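Trainee: Sending over model.cif (mmCIF, C-alpha atoms).
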data_query
#
loop_
_atom_site.label_atom_id
_atom_site.label_comp_id
_atom_site.auth_asym_id
_atom_site.auth_seq_id
_atom_site.Cartn_x
_atom_site.Cartn_y
_atom_site.Cartn_z
CA MET A 1 4.23 8.44 -45.18
CA ARG A 2 7.22 7.86 -42.93
CA ARG A 3 6.61 6.78 -39.35
CA SER A 4 8.56 7.90 -36.32
CA PRO A 5 10.82 5.38 -34.52
CA ALA A 6 8.44 5.37 -31.54
CA GLU A 7 5.48 4.51 -33.76
CA THR A 8 7.48 1.81 -35.54
CA GLY A 9 8.63 0.38 -32.19
CA HIS A 10 5.07 0.46 -30.90
CA GLN A 11 3.80 -1.47 -33.93
CA THR A 12 6.64 -3.99 -33.68
CA ALA A 13 6.07 -4.55 -29.97
CA SER A 14 2.32 -4.85 -30.55
CA ARG A 15 2.85 -7.54 -33.15
CA GLN A 16 4.90 -9.49 -30.66
CA GLY A 17 1.85 -9.87 -28.44
CA LEU A 18 1.95 -8.91 -24.78
CA HIS A 19 2.02 -5.19 -24.02
CA TYR A 20 4.97 -4.52 -21.70
CA GLY A 21 2.62 -2.62 -19.40
CA TYR A 22 1.36 -5.99 -18.17
CA VAL A 23 4.93 -6.99 -17.29
CA ILE A 24 5.21 -3.74 -15.32
CA LEU A 25 1.94 -4.59 -13.60
CA MET A 26 3.03 -8.11 -12.65
CA VAL A 27 6.39 -6.95 -11.29
CA GLY A 28 4.61 -4.08 -9.53
CA ILE A 29 2.28 -6.53 -7.76
CA LEU A 30 5.29 -8.47 -6.47
CA THR A 31 6.95 -5.21 -5.40
CA VAL A 32 3.90 -4.19 -3.36
CA MET A 33 3.75 -7.71 -1.92
CA GLY A 34 7.30 -7.34 -0.62
CA ALA A 35 7.24 -3.66 0.35
CA LEU A 36 3.92 -3.84 2.23
CA GLY A 37 2.54 -7.39 2.33
CA PHE A 38 5.74 -8.79 3.86
CA ALA A 39 7.53 -5.76 5.31
CA ARG A 40 4.56 -4.18 7.08
CA PHE A 41 1.76 -6.69 7.42
CA GLY A 42 4.04 -9.63 8.09
CA TYR A 43 4.56 -7.97 11.47
CA ALA A 44 0.95 -8.70 12.47
CA THR A 45 1.43 -12.47 12.21
CA ILE A 46 4.89 -12.40 13.80
CA LEU A 47 3.87 -10.00 16.61
CA PRO A 48 2.59 -12.51 19.24
CA SER A 49 5.73 -14.69 19.16
CA MET A 50 8.05 -11.67 18.84
CA LYS A 51 6.34 -10.09 21.84
CA ALA A 52 6.90 -13.24 23.90
CA GLY A 53 10.48 -13.69 22.68
CA LEU A 54 11.53 -10.14 23.59
CA LEU A 55 9.36 -9.94 26.73
CA LEU A 56 7.50 -6.81 25.58
CA ASN A 57 4.03 -5.38 26.28
CA ASN A 58 1.36 -4.15 23.84
CA THR A 59 2.46 -0.52 24.12
CA GLN A 60 6.02 -1.45 23.17
CA MET A 61 4.86 -3.59 20.27
CA GLY A 62 2.74 -0.66 19.11
CA ILE A 63 5.77 1.63 19.32
CA ILE A 64 7.79 -0.82 17.22
CA ALA A 65 5.05 -0.67 14.59
CA THR A 66 5.00 3.11 14.87
CA GLY A 67 8.77 3.18 14.30
CA ASN A 68 8.23 1.39 11.00
CA LEU A 69 5.48 3.78 10.02
CA ILE A 70 7.48 6.87 11.00
CA GLY A 71 10.15 5.63 8.61
CA TYR A 72 7.48 5.25 5.94
CA THR A 73 6.25 8.77 6.69
CA ALA A 74 9.75 10.23 6.53
CA PHE A 75 10.47 8.88 3.06
CA SER A 76 7.01 8.93 1.47
CA LEU A 77 7.23 12.58 0.43
CA ILE A 78 10.83 12.54 -0.75
CA GLY A 79 10.46 9.12 -2.36
CA GLY A 80 7.79 10.38 -4.73
CA PHE A 81 9.87 13.46 -5.52
CA LEU A 82 12.99 11.40 -6.26
CA ALA A 83 11.01 9.01 -8.45
CA ALA A 84 9.62 11.89 -10.51
CA ARG A 85 13.09 13.46 -10.71
CA PHE A 86 15.31 10.42 -11.40
CA GLY A 87 12.83 7.79 -12.54
CA PRO A 88 10.92 5.18 -10.49
CA ARG A 89 13.05 2.19 -11.52
CA LEU A 90 16.21 3.31 -9.71
CA ILE A 91 14.40 4.40 -6.56
CA ILE A 92 12.26 1.26 -6.36
CA GLY A 93 15.18 -1.14 -6.79
CA GLY A 94 17.39 0.55 -4.17
CA SER A 95 14.53 0.92 -1.71
CA MET A 96 13.48 -2.72 -2.04
CA LEU A 97 17.04 -3.78 -1.27
CA LEU A 98 17.02 -1.63 1.87
CA THR A 99 13.67 -3.13 2.87
CA GLY A 100 14.83 -6.72 2.53
CA VAL A 101 18.14 -6.22 4.34
CA THR A 102 16.57 -4.42 7.30
CA MET A 103 13.79 -7.03 7.59
CA PHE A 104 16.52 -9.65 7.86
CA LEU A 105 18.25 -7.56 10.52
CA THR A 106 14.98 -7.30 12.47
CA GLY A 107 15.32 -11.01 13.04
CA THR A 108 18.63 -10.37 14.85
CA ALA A 109 17.21 -7.75 17.25
CA GLY A 110 18.20 -8.32 20.85
CA GLY A 111 15.66 -6.00 22.41
CA PHE A 112 13.12 -3.24 22.07
CA GLY A 113 15.51 -0.47 20.94
CA GLN A 114 17.11 -2.46 18.13
CA ALA A 115 13.71 -3.63 16.91
CA VAL A 116 12.48 -0.03 16.67
CA ILE A 117 15.57 1.04 14.69
CA TYR A 118 15.40 -1.82 12.21
CA ARG A 119 11.68 -1.39 11.70
CA PHE A 120 12.20 2.35 11.14
CA LEU A 121 14.73 1.59 8.39
CA THR A 122 12.36 -0.96 6.88
CA GLY A 123 9.72 1.77 6.75
CA LEU A 124 12.08 4.01 4.77
CA GLY A 125 12.58 1.27 2.21
CA SER A 126 8.88 0.43 2.05
CA ALA A 127 7.95 4.01 1.18
CA GLY A 128 10.70 4.26 -1.41
CA SER A 129 9.37 1.10 -3.06
CA ASN A 130 5.62 1.41 -2.75
CA VAL A 131 5.02 5.09 -3.53
CA PRO A 132 6.95 5.13 -6.85
CA VAL A 133 5.55 1.81 -8.06
CA MET A 134 2.00 3.03 -7.44
CA GLY A 135 2.80 6.24 -9.32
CA LEU A 136 4.21 4.19 -12.19
CA VAL A 137 0.66 3.11 -13.04
CA SER A 138 -0.14 6.58 -14.34
CA ALA A 139 2.66 6.37 -16.90
CA TRP A 140 1.75 2.92 -18.24
CA PHE A 141 -2.07 3.09 -18.14
CA ALA A 142 -4.43 5.71 -19.58
CA PRO A 143 -7.04 7.30 -17.28
CA LYS A 144 -9.86 4.88 -18.07
CA ARG A 145 -7.64 1.92 -17.08
CA ARG A 146 -5.78 3.60 -14.23
CA GLY A 147 -8.06 2.66 -11.36
CA MET A 148 -8.21 -0.97 -12.49
CA ALA A 149 -4.41 -1.17 -12.83
CA ALA A 150 -3.80 0.45 -9.44
CA GLY A 151 -6.30 -2.01 -7.98
CA PHE A 152 -4.27 -4.92 -9.32
CA LEU A 153 -1.12 -3.41 -7.79
CA VAL A 154 -2.54 -3.05 -4.29
CA GLY A 155 -3.61 -6.68 -4.54
CA GLY A 156 0.04 -7.41 -3.85
CA SER A 157 -0.59 -6.57 -0.20
CA GLY A 158 -3.35 -9.17 -0.14
CA LEU A 159 -0.98 -11.69 -1.65
CA GLY A 160 1.44 -10.86 1.17
CA PHE A 161 -1.39 -11.44 3.69
CA PHE A 162 -2.10 -14.83 2.17
CA ILE A 163 1.52 -15.98 2.20
CA THR A 164 2.41 -14.73 5.69
CA GLY A 165 -0.83 -16.09 7.16
CA PHE A 166 0.03 -19.49 5.70
CA LEU A 167 3.80 -19.46 6.29
CA VAL A 168 4.44 -17.83 9.67
CA PRO A 169 2.21 -20.11 11.82
CA ARG A 170 3.92 -23.14 10.27
CA VAL A 171 7.35 -21.73 11.02
CA ILE A 172 6.23 -21.08 14.60
CA ALA A 173 4.94 -24.63 14.97
CA ALA A 174 8.12 -26.17 13.54
CA TRP A 175 10.70 -23.99 15.37
CA PRO A 176 8.89 -22.43 18.37
CA GLU A 177 11.98 -21.16 20.20
CA ASN A 178 13.29 -18.77 17.49
CA SER A 179 10.34 -18.79 15.12
CA TRP A 180 9.90 -15.02 14.92
CA ARG A 181 13.56 -14.57 13.98
CA LEU A 182 13.43 -17.21 11.28
CA SER A 183 10.23 -15.66 9.92
CA TRP A 184 11.97 -12.31 9.45
CA PHE A 185 14.95 -14.03 7.81
CA LEU A 186 12.71 -15.80 5.30
CA LEU A 187 10.62 -12.74 4.46
CA GLY A 188 13.63 -10.41 4.27
CA GLY A 189 15.55 -12.75 1.97
CA THR A 190 12.56 -12.96 -0.34
CA VAL A 191 12.31 -9.16 -0.56
CA VAL A 192 16.00 -8.94 -1.54
CA LEU A 193 15.26 -11.28 -4.45
CA LEU A 194 12.27 -9.12 -5.42
CA ALA A 195 14.57 -6.08 -5.43
CA LEU A 196 16.71 -7.75 -8.10
CA LEU A 197 13.57 -8.60 -10.07
CA SER A 198 12.39 -4.98 -10.07
CA CYS A 199 15.79 -3.73 -11.26
CA VAL A 200 15.75 -6.13 -14.21
CA PHE A 201 12.18 -5.70 -15.44
CA LEU A 202 10.77 -2.30 -14.43
CA ARG A 203 10.86 0.58 -16.91
CA ASN A 204 10.04 4.24 -16.24
CA LYS A 205 7.75 4.90 -19.22
CA PRO A 206 6.20 3.09 -22.20
CA SER A 207 8.40 4.79 -24.80
CA GLU A 208 11.44 2.99 -23.37
CA LYS A 209 9.97 -0.24 -24.74
CA GLY A 210 8.31 1.24 -27.83
CA PHE A 211 4.78 1.29 -26.44
CA LYS A 212 2.03 3.77 -25.65
CA PRO A 213 0.05 3.61 -22.37
CA ILE A 214 -2.50 0.83 -22.24
CA GLY A 215 -5.94 2.21 -23.13
CA LEU A 216 -4.62 5.22 -25.04
CA GLU A 217 -6.43 4.63 -28.28
CA SER A 218 -5.64 7.62 -30.44
CA GLU A 219 -3.14 10.40 -31.00
CA ALA A 220 -5.90 12.90 -30.21
CA GLN A 221 -6.37 11.33 -26.79
CA ALA A 222 -2.61 11.34 -26.31
CA VAL A 223 -2.49 15.08 -26.92
CA THR A 224 -5.40 15.65 -24.54
CA SER A 225 -3.73 13.54 -21.88
CA LYS A 226 -0.68 15.78 -21.90
CA ARG A 227 -2.47 19.12 -21.62
CA PRO A 228 -2.82 19.35 -17.84
CA VAL A 229 0.88 18.51 -17.38
CA GLN A 230 2.05 20.99 -20.00
CA ALA A 231 -0.19 23.71 -18.66
CA ALA A 232 1.01 23.09 -15.16
CA SER A 233 4.66 22.75 -16.07
CA GLY A 234 5.17 25.66 -18.36
CA GLY A 235 6.50 23.61 -21.23
CA ASN A 236 8.87 20.74 -20.70
CA ARG A 237 9.74 21.48 -17.08
CA LEU A 238 7.89 19.79 -14.27
CA SER A 239 6.01 22.22 -12.02
CA TRP A 240 6.51 20.93 -8.51
CA GLY A 241 4.52 23.84 -7.13
CA SER A 242 1.42 22.64 -8.95
CA VAL A 243 1.60 19.48 -6.84
CA TYR A 244 2.44 20.81 -3.40
CA THR A 245 0.05 23.78 -3.54
CA SER A 246 -2.91 21.92 -5.06
CA PRO A 247 -6.06 22.30 -2.87
CA ALA A 248 -7.47 19.12 -4.42
CA LEU A 249 -4.42 17.11 -3.36
CA TRP A 250 -4.47 18.57 0.14
CA SER A 251 -8.11 17.49 0.51
CA LEU A 252 -7.27 14.04 -0.81
CA GLY A 253 -4.35 13.88 1.63
CA VAL A 254 -6.60 14.56 4.63
CA VAL A 255 -8.97 11.78 3.56
CA TYR A 256 -6.00 9.47 3.06
CA LEU A 257 -4.78 10.30 6.59
CA LEU A 258 -8.07 9.04 8.02
CA PHE A 259 -7.62 5.78 6.11
CA GLY A 260 -4.05 5.40 7.36
CA PHE A 261 -5.10 5.83 10.99
CA SER A 262 -8.07 3.48 10.87
CA TYR A 263 -6.95 0.55 8.74
CA ILE A 264 -3.54 0.05 10.39
CA ILE A 265 -5.10 -0.64 13.80
CA TYR A 266 -6.80 -3.69 12.34
CA GLY A 267 -3.78 -4.59 10.23
CA THR A 268 -1.38 -4.44 13.20
CA PHE A 269 -3.35 -5.95 16.05
CA PHE A 270 -5.63 -8.44 14.31
CA ALA A 271 -3.70 -11.56 15.33
CA ALA A 272 -2.93 -10.24 18.82
CA ALA A 273 -6.61 -9.44 19.44
CA MET A 274 -7.76 -12.78 18.02
CA THR A 275 -5.49 -14.67 20.41
CA ALA A 276 -5.74 -12.41 23.48
CA ASP A 277 -9.41 -11.35 23.32
CA LYS A 278 -11.28 -13.76 21.06
CA GLY A 279 -9.92 -17.16 22.14
CA PHE A 280 -8.31 -18.16 18.84
CA THR A 281 -4.98 -19.94 18.60
CA GLN A 282 -2.19 -18.33 16.57
CA ALA A 283 -2.62 -20.97 13.88
CA GLN A 284 -6.36 -20.23 13.66
CA ALA A 285 -5.73 -16.48 13.53
CA GLY A 286 -3.16 -17.08 10.80
CA ALA A 287 -5.66 -19.10 8.78
CA VAL A 288 -8.22 -16.27 8.93
CA TRP A 289 -5.49 -13.75 8.05
CA SER A 290 -4.50 -15.87 5.06
CA ALA A 291 -8.13 -16.10 3.92
CA MET A 292 -8.43 -12.31 4.15
CA GLY A 293 -5.39 -12.04 1.94
CA ALA A 294 -6.83 -14.35 -0.67
CA ILE A 295 -9.92 -12.14 -0.87
CA ALA A 296 -7.89 -8.92 -0.82
CA VAL A 297 -5.87 -9.95 -3.89
CA PHE A 298 -8.95 -9.23 -5.97
CA SER A 299 -10.53 -6.43 -3.96
CA GLY A 300 -8.25 -3.70 -5.25
CA VAL A 301 -9.05 -4.25 -8.91
CA MET A 302 -12.76 -4.54 -8.12
CA TRP A 303 -12.89 -1.17 -6.34
CA GLY A 304 -10.45 0.42 -8.77
CA THR A 305 -12.78 -0.49 -11.61
CA VAL A 306 -15.74 0.81 -9.62
CA SER A 307 -13.91 4.11 -9.17
CA ASP A 308 -13.23 4.30 -12.93
CA HIS A 309 -16.98 4.21 -13.56
CA LEU A 310 -18.58 5.62 -10.40
CA GLY A 311 -15.99 8.30 -9.64
CA ARG A 312 -13.13 8.33 -7.17
CA LYS A 313 -14.86 10.15 -4.30
CA TYR A 314 -18.02 8.04 -4.35
CA ALA A 315 -16.01 4.83 -4.41
CA LEU A 316 -13.96 6.10 -1.46
CA ALA A 317 -17.11 6.96 0.51
CA VAL A 318 -18.54 3.46 0.03
CA VAL A 319 -15.30 1.71 0.96
CA PHE A 320 -14.84 3.81 4.11
CA GLY A 321 -18.40 2.99 5.15
CA LEU A 322 -17.82 -0.74 4.78
CA GLN A 323 -14.59 -0.47 6.75
CA ALA A 324 -16.35 1.33 9.59
CA VAL A 325 -18.75 -1.61 9.83
CA CYS A 326 -15.81 -4.02 9.69
CA TYR A 327 -14.00 -2.45 12.65
CA PHE A 328 -17.16 -2.07 14.71
CA LEU A 329 -18.08 -5.73 14.22
CA PHE A 330 -14.64 -6.83 15.36
CA GLY A 331 -14.88 -4.66 18.46
CA ILE A 332 -18.25 -6.05 19.60
CA ALA A 333 -17.73 -9.67 18.45
CA ASP A 334 -18.03 -12.35 21.14
CA SER A 335 -18.57 -15.26 18.75
CA PRO A 336 -16.97 -16.45 15.47
CA GLY A 337 -19.79 -15.19 13.20
CA PRO A 338 -19.20 -11.43 13.55
CA LEU A 339 -15.42 -12.01 13.47
CA TYR A 340 -15.64 -13.83 10.15
CA ALA A 341 -17.96 -11.14 8.76
CA SER A 342 -15.45 -8.50 9.87
CA ALA A 343 -12.57 -10.38 8.27
CA LEU A 344 -14.54 -10.70 5.03
CA LEU A 345 -15.21 -6.96 4.90
CA TYR A 346 -11.56 -6.20 5.60
CA GLY A 347 -10.45 -8.51 2.82
CA LEU A 348 -12.93 -6.90 0.42
CA THR A 349 -11.86 -3.33 1.18
CA ALA A 350 -8.50 -3.05 2.94
CA PHE A 351 -6.32 -2.36 -0.08
CA SER A 352 -8.84 -0.63 -2.30
CA ILE A 353 -8.29 2.93 -1.06
CA PRO A 354 -4.56 3.13 -1.95
CA GLY A 355 -5.38 2.10 -5.51
CA ILE A 356 -8.18 4.64 -5.82
CA VAL A 357 -5.97 7.39 -4.38
CA ALA A 358 -3.12 6.51 -6.76
CA ALA A 359 -5.51 6.74 -9.70
CA ALA A 360 -6.89 10.05 -8.40
CA CYS A 361 -3.37 11.52 -8.23
CA GLY A 362 -2.87 10.71 -11.90
CA ASP A 363 -6.24 12.27 -12.67
CA TYR A 364 -5.31 15.50 -10.90
CA VAL A 365 -1.77 16.14 -12.18
CA GLY A 366 -1.08 13.74 -15.06
CA PRO A 367 1.35 10.84 -15.39
CA LEU A 368 4.67 12.72 -15.12
CA LEU A 369 3.88 14.31 -11.79
CA ALA A 370 1.81 11.41 -10.43
CA PRO A 371 4.67 9.91 -8.33
CA ALA A 372 5.28 13.29 -6.67
CA ALA A 373 1.55 13.80 -6.06
CA LEU A 374 1.21 10.32 -4.62
CA GLY A 375 4.23 10.95 -2.43
CA MET A 376 2.62 14.09 -1.10
CA VAL A 377 -0.74 12.52 -0.19
CA THR A 378 1.02 9.42 1.12
CA PHE A 379 2.80 11.66 3.61
CA PHE A 380 -0.63 12.46 5.10
CA PHE A 381 -1.55 8.77 5.05
CA ALA A 382 1.73 7.85 6.72
CA VAL A 383 1.21 10.38 9.50
CA GLY A 384 -2.13 8.78 10.28
CA GLN A 385 -0.83 5.24 10.29
CA ALA A 386 2.29 6.18 12.26
CA ALA A 387 0.19 7.57 15.10
CA ALA A 388 -2.36 4.76 15.31
CA PRO A 389 -0.43 1.67 16.58
CA SER A 390 0.97 3.40 19.66
CA VAL A 391 -2.45 4.80 20.50
CA ALA A 392 -4.11 1.40 19.98
CA GLY A 393 -1.46 -0.47 21.98
CA TYR A 394 -1.78 2.02 24.86
CA LEU A 395 -5.58 1.68 24.86
CA ALA A 396 -5.25 -2.11 24.95
CA ASP A 397 -2.89 -2.01 27.93
CA GLN A 398 -5.11 0.49 29.79
CA THR A 399 -8.41 -1.33 29.20
CA GLY A 400 -7.20 -4.92 29.08
CA SER A 401 -8.85 -5.38 25.67
CA PHE A 402 -8.39 -4.28 22.06
CA SER A 403 -12.08 -3.45 21.61
CA THR A 404 -11.73 0.27 22.38
CA ALA A 405 -9.01 0.57 19.73
CA PHE A 406 -11.25 -1.03 17.11
CA PHE A 407 -14.16 1.25 18.04
CA LEU A 408 -11.81 4.20 17.52
CA ALA A 409 -10.87 2.83 14.09
CA ALA A 410 -14.58 2.54 13.22
CA ALA A 411 -15.26 6.17 14.18
CA VAL A 412 -12.32 7.45 12.12
CA ALA A 413 -13.40 5.37 9.11
CA ALA A 414 -16.93 6.81 9.34
CA LEU A 415 -15.41 10.30 9.32
CA GLY A 416 -13.42 9.29 6.23
CA SER A 417 -16.61 8.26 4.44
CA ALA A 418 -18.25 11.62 5.14
CA SER A 419 -15.10 13.54 4.17
CA SER A 420 -14.82 11.77 0.80
CA PHE A 421 -17.86 13.62 -0.51
CA ILE A 422 -16.01 16.96 -0.40
CA LEU A 423 -13.24 15.85 -2.78
CA ARG A 424 -12.99 17.81 -6.02
CA PRO A 425 -13.32 16.15 -9.42
CA PRO A 426 -10.31 16.53 -11.78
CA LYS A 427 -10.62 19.44 -14.22
CA LEU A 428 -9.33 17.44 -17.17
CA ASN A 429 -8.50 13.83 -17.93
CA SER A 430 -4.79 13.34 -17.39
#
Please express what this file holds, its structure, as structure tokens.
Mentor:
Amino acid sequence: MRRSPAETGHQTASRQGLHYGYVILMVGILTVMGALGFARFGYATILPSMKAGLLLNNTQMGIIATGNLIGYTAFSLIGGFLAARFGPRLIIGGSMLLTGVTMFLTGTAGGFGQAVIYRFLTGLGSAGSNVPVMGLVSAWFAPKRRGMAAGFLVGGSGLGFFITGFLVPRVIAAWPENSWRLSWFLLGGTVVLLALLSCVFLRNKPSEKGFKPIGLESEAQAVTSKRPVQAASGGNRLSWGSVYTSPALWSLGVVYLLFGFSYIIYGTFFAAAMTADKGFTQAQAGAVWSAMGAIAVFSGVMWGTVSDHLGRKYALAVVFGLQAVCYFLFGIADSPGPLYASALLYGLTAFSIPGIVAAACGDYVGPLLAPAALGMVTFFFAVGQAAAPSVAGYLADQTGSFSTAFFLAAAVAALGSASSFILRPPKLNS
């Protein structure tokens, strides 16, 4: 019996050892680390010294963060579409390059207006990198491994937490006068290097390297996995309407919006609140931030695996509930104990929901349309997170404390937990 070239390539690659899907996963982790861990969450550790250097208030610093997140919102929808249309590799590489260059330029900002513009452009690049690389999981991993793989990917944000929490306070201590500028230069240069790495090693689908998706054990399962896509697409064409008119995806998008609004308040103002409200030094706040990152590296895969077994909506409900407790504890804390408990909960849960949502998108529409579906629901998420920093910064300036902002985050997270129970299960495994 003659075998097809794809089958022969698969057998040859298998004999060589490592499945290329694990290379995709490792490069994907580094991509998320740069696109989010450095580009977005690096801002939290740089914020206090940047605020002092540019003579800004909390509202202005919140608007700068919102500018970044508006950029992310603007490109999240189209980024997923372009990745599904032209392939994730091209979009990810170009977007990572934009992210790194504009991060570097942020370090040259002479005032509030320039900082907003550069952070907006960084947000465009972050969306064009993160959304397609999360969607890439659905192509390289079968449904029963999808949540776990997406969990590993979102761990890249935790890795970014760990590195920025360790690096930025040391840069500030060594070069206090222009420390925030040098921090952006270092982080931006690193992201440019990661852009080159993604261009070299990422591939759009397993067949390009002679493999099948990891966890796809039989041809019968392969046929089953294609049925929802074929049914939705009318043959070989991709049915974009099946994504953008899906009630299940709209419901998932609303839940994802609540996550975006609540988690970014903590992720943006953690260091500022620790130093302004809780009596910590910037070095101490950075150490706690770094510890959160070390925990978060593993939290995504833990909750992704839970969602593979428990179900996406139940995993989401549990995570939202823990996050509500996390934000409430931080708001009421007047001693280190509750603060450390809050930080622990954030590290355990902060990057779990994006992984679960990415896996759910693959479950709903299949691997070919997963980047477009993820782009759609990420648009909702991005709207939520774009609105939150300005609101939180304004509340902090009006009340003289960040506590009200964290109580608001807790209430929104509790609403997210309740809303998760209404999500629909996928009709078929994708």
Trainee: On this structure, which residues satisfy the PyMOL selection byres ((chain A and resi 152-154) around 8), written as number ranges by chain?
Mentor: A: 25-26, 28-29, 32, 134, 148-151, 155-158, 297-298, 300-301, 351-352, 354-355
Trainee: Considering all atoms listed in the file, give me a table of residues in range 44-84 of chain A that are at most 9 Å from range 119-130 of chain A, with the closest atom pair and distance in Å for each, as a Markdown table.
Mentor:
| residue | atom | partner | partner_atom | distance |
| --- | --- | --- | --- | --- |
| A:Ile64 | CA | A:Arg119 | CA | 6.8 |
| A:Ala65 | CA | A:Arg119 | CA | 7.3 |
| A:Thr66 | CA | A:Phe120 | CA | 8.1 |
| A:Gly67 | CA | A:Phe120 | CA | 4.7 |
| A:Asn68 | CA | A:Phe120 | CA | 4.1 |
| A:Leu69 | CA | A:Gly123 | CA | 5.7 |
| A:Ile70 | CA | A:Phe120 | CA | 6.5 |
| A:Gly71 | CA | A:Gly123 | CA | 4.3 |
| A:Tyr72 | CA | A:Gly123 | CA | 4.2 |
| A:Thr73 | CA | A:Ala127 | CA | 7.5 |
| A:Ala74 | CA | A:Leu124 | CA | 6.9 |
| A:Phe75 | CA | A:Leu124 | CA | 5.4 |
| A:Ser76 | CA | A:Ala127 | CA | 5.0 |
| A:Leu77 | CA | A:Ala127 | CA | 8.6 |
| A:Ile78 | CA | A:Gly128 | CA | 8.3 |
| A:Gly79 | CA | A:Gly128 | CA | 5.0 |
| A:Gly80 | CA | A:Gly128 | CA | 7.5 |
| A:Leu82 | CA | A:Gly128 | CA | 8.9 |
| A:Ala83 | CA | A:Gly128 | CA | 8.5 |
Trainee: Neighbouring residues of Gly253 in chain A were defined as those with any atom within 10 Å, considering all atoms listed in the file; residues of the same chain fewer than 5 positions away were excluded. Please report them as an MDAnalysis selection string.
Mentor: chainID A and resid 247:248 258:259 357 373:382
Trainee: Check what the PyMOL selection byres ((chain A and resi 283) around 12) selects in the file above and give those residues as number ranges by chain.
Mentor: A: 45-46, 48-49, 164-174, 271-272, 274-275, 279-282, 284-290
Trainee: So which residues get picked by the PyMOL selection byres ((chain A and resi 197) around 12) here, written as a ChimeraX atom specification?
Mentor: /A:23-24,26-31,34,89,92-94,96-97,190-196,198-203
Trainee: Could the residues in this selection be written to a file with C-alpha atoms, as a short mmCIF file (atom, residue, chain, number, x, y, z; two decimals), in the frame of the given file?
Mentor:
data_model
loop_
_atom_site.label_atom_id
_atom_site.label_comp_id
_atom_site.auth_asym_id
_atom_site.auth_seq_id
_atom_site.Cartn_x
_atom_site.Cartn_y
_atom_site.Cartn_z
CA VAL A 23 4.93 -6.99 -17.29
CA ILE A 24 5.21 -3.74 -15.32
CA MET A 26 3.03 -8.11 -12.65
CA VAL A 27 6.39 -6.95 -11.29
CA GLY A 28 4.61 -4.08 -9.53
CA ILE A 29 2.28 -6.53 -7.76
CA LEU A 30 5.29 -8.47 -6.47
CA THR A 31 6.95 -5.21 -5.40
CA GLY A 34 7.30 -7.34 -0.62
CA ARG A 89 13.05 2.19 -11.52
CA ILE A 92 12.26 1.26 -6.36
CA GLY A 93 15.18 -1.14 -6.79
CA GLY A 94 17.39 0.55 -4.17
CA MET A 96 13.48 -2.72 -2.04
CA LEU A 97 17.04 -3.78 -1.27
CA THR A 190 12.56 -12.96 -0.34
CA VAL A 191 12.31 -9.16 -0.56
CA VAL A 192 16.00 -8.94 -1.54
CA LEU A 193 15.26 -11.28 -4.45
CA LEU A 194 12.27 -9.12 -5.42
CA ALA A 195 14.57 -6.08 -5.43
CA LEU A 196 16.71 -7.75 -8.10
CA SER A 198 12.39 -4.98 -10.07
CA CYS A 199 15.79 -3.73 -11.26
CA VAL A 200 15.75 -6.13 -14.21
CA PHE A 201 12.18 -5.70 -15.44
CA LEU A 202 10.77 -2.30 -14.43
CA ARG A 203 10.86 0.58 -16.91
#
Trainee: Got a sec: who's within 9 Å of range 325-339 of chain A, counting all atoms listed in the file, leaving out chain neighbours fewer than 6 positions off, as a PyMOL selection string?
Mentor: chain A and resi 262-263+266+274+277-278+345-346+402-411+413-414
Trainee: For the selection you just gave me, I'd like the residues written to a file as an mmCIF file, keeping the file's coordinate frame, keeping C-alpha atoms.
Mentor:
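Saved as result-v3.cif:
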data_model
loop_
_atom_site.group_PDB
_atom_site.id
_atom_site.type_symbol
_atom_site.label_atom_id
_atom_site.label_comp_id
_atom_site.auth_asym_id
_atom_site.auth_seq_id
_atom_site.Cartn_x
_atom_site.Cartn_y
_atom_site.Cartn_z
ATOM 1 C CA SER A 262 -8.070 3.480 10.870
ATOM 2 C CA TYR A 263 -6.950 0.550 8.740
ATOM 3 C CA TYR A 266 -6.800 -3.690 12.340
ATOM 4 C CA MET A 274 -7.760 -12.780 18.020
ATOM 5 C CA ASP A 277 -9.410 -11.350 23.320
ATOM 6 C CA LYS A 278 -11.280 -13.760 21.060
ATOM 7 C CA LEU A 345 -15.210 -6.960 4.900
ATOM 8 C CA TYR A 346 -11.560 -6.200 5.600
ATOM 9 C CA PHE A 402 -8.390 -4.280 22.060
ATOM 10 C CA SER A 403 -12.080 -3.450 21.610
ATOM 11 C CA THR A 404 -11.730 0.270 22.380
ATOM 12 C CA ALA A 405 -9.010 0.570 19.730
ATOM 13 C CA PHE A 406 -11.250 -1.030 17.110
ATOM 14 C CA PHE A 407 -14.160 1.250 18.040
ATOM 15 C CA LEU A 408 -11.810 4.200 17.520
ATOM 16 C CA ALA A 409 -10.870 2.830 14.090
ATOM 17 C CA ALA A 410 -14.580 2.540 13.220
ATOM 18 C CA ALA A 411 -15.260 6.170 14.180
ATOM 19 C CA ALA A 413 -13.400 5.370 9.110
ATOM 20 C CA ALA A 414 -16.930 6.810 9.340
#
Trainee: Any idea what the distance is between CA of Ala359 in chain A and CA of Ala317 in chain A?
Mentor: 15.5 Å
Trainee: So what do you get for CA of Ser417 in chain A versus CA of Tyr340 in chain A, distance-wise?
Mentor: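 For CA of Ser417 in chain A relative to CA of Tyr340 in chain A, the distance reads 22.8 Å.
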Trainee: Point out the residue among A:Ser183, A:Ser420, A:Asn204, A:Ser401 with the least atom-to-atom distance to Ala84 in chain A, counting all atoms listed in the file.
Mentor: A:Asn204
Trainee: Using all atoms listed in the file, which of the listed residues (A:Gly366, A:Gly53, A:Pro371, A:Gly42) sits closest to Asn178 in chain A?
Mentor: A:Gly53
Trainee: If we count only C-alpha atoms and set the cut-off at 7 Å, which residues sit around Gly188 in chain A, ignoring sequence neighbours fewer than 2 positions away in its own chain? Please answer as an NGL selection string.
Mentor: :A and (100-101 or 103-104 or 184-186 or 190-192)
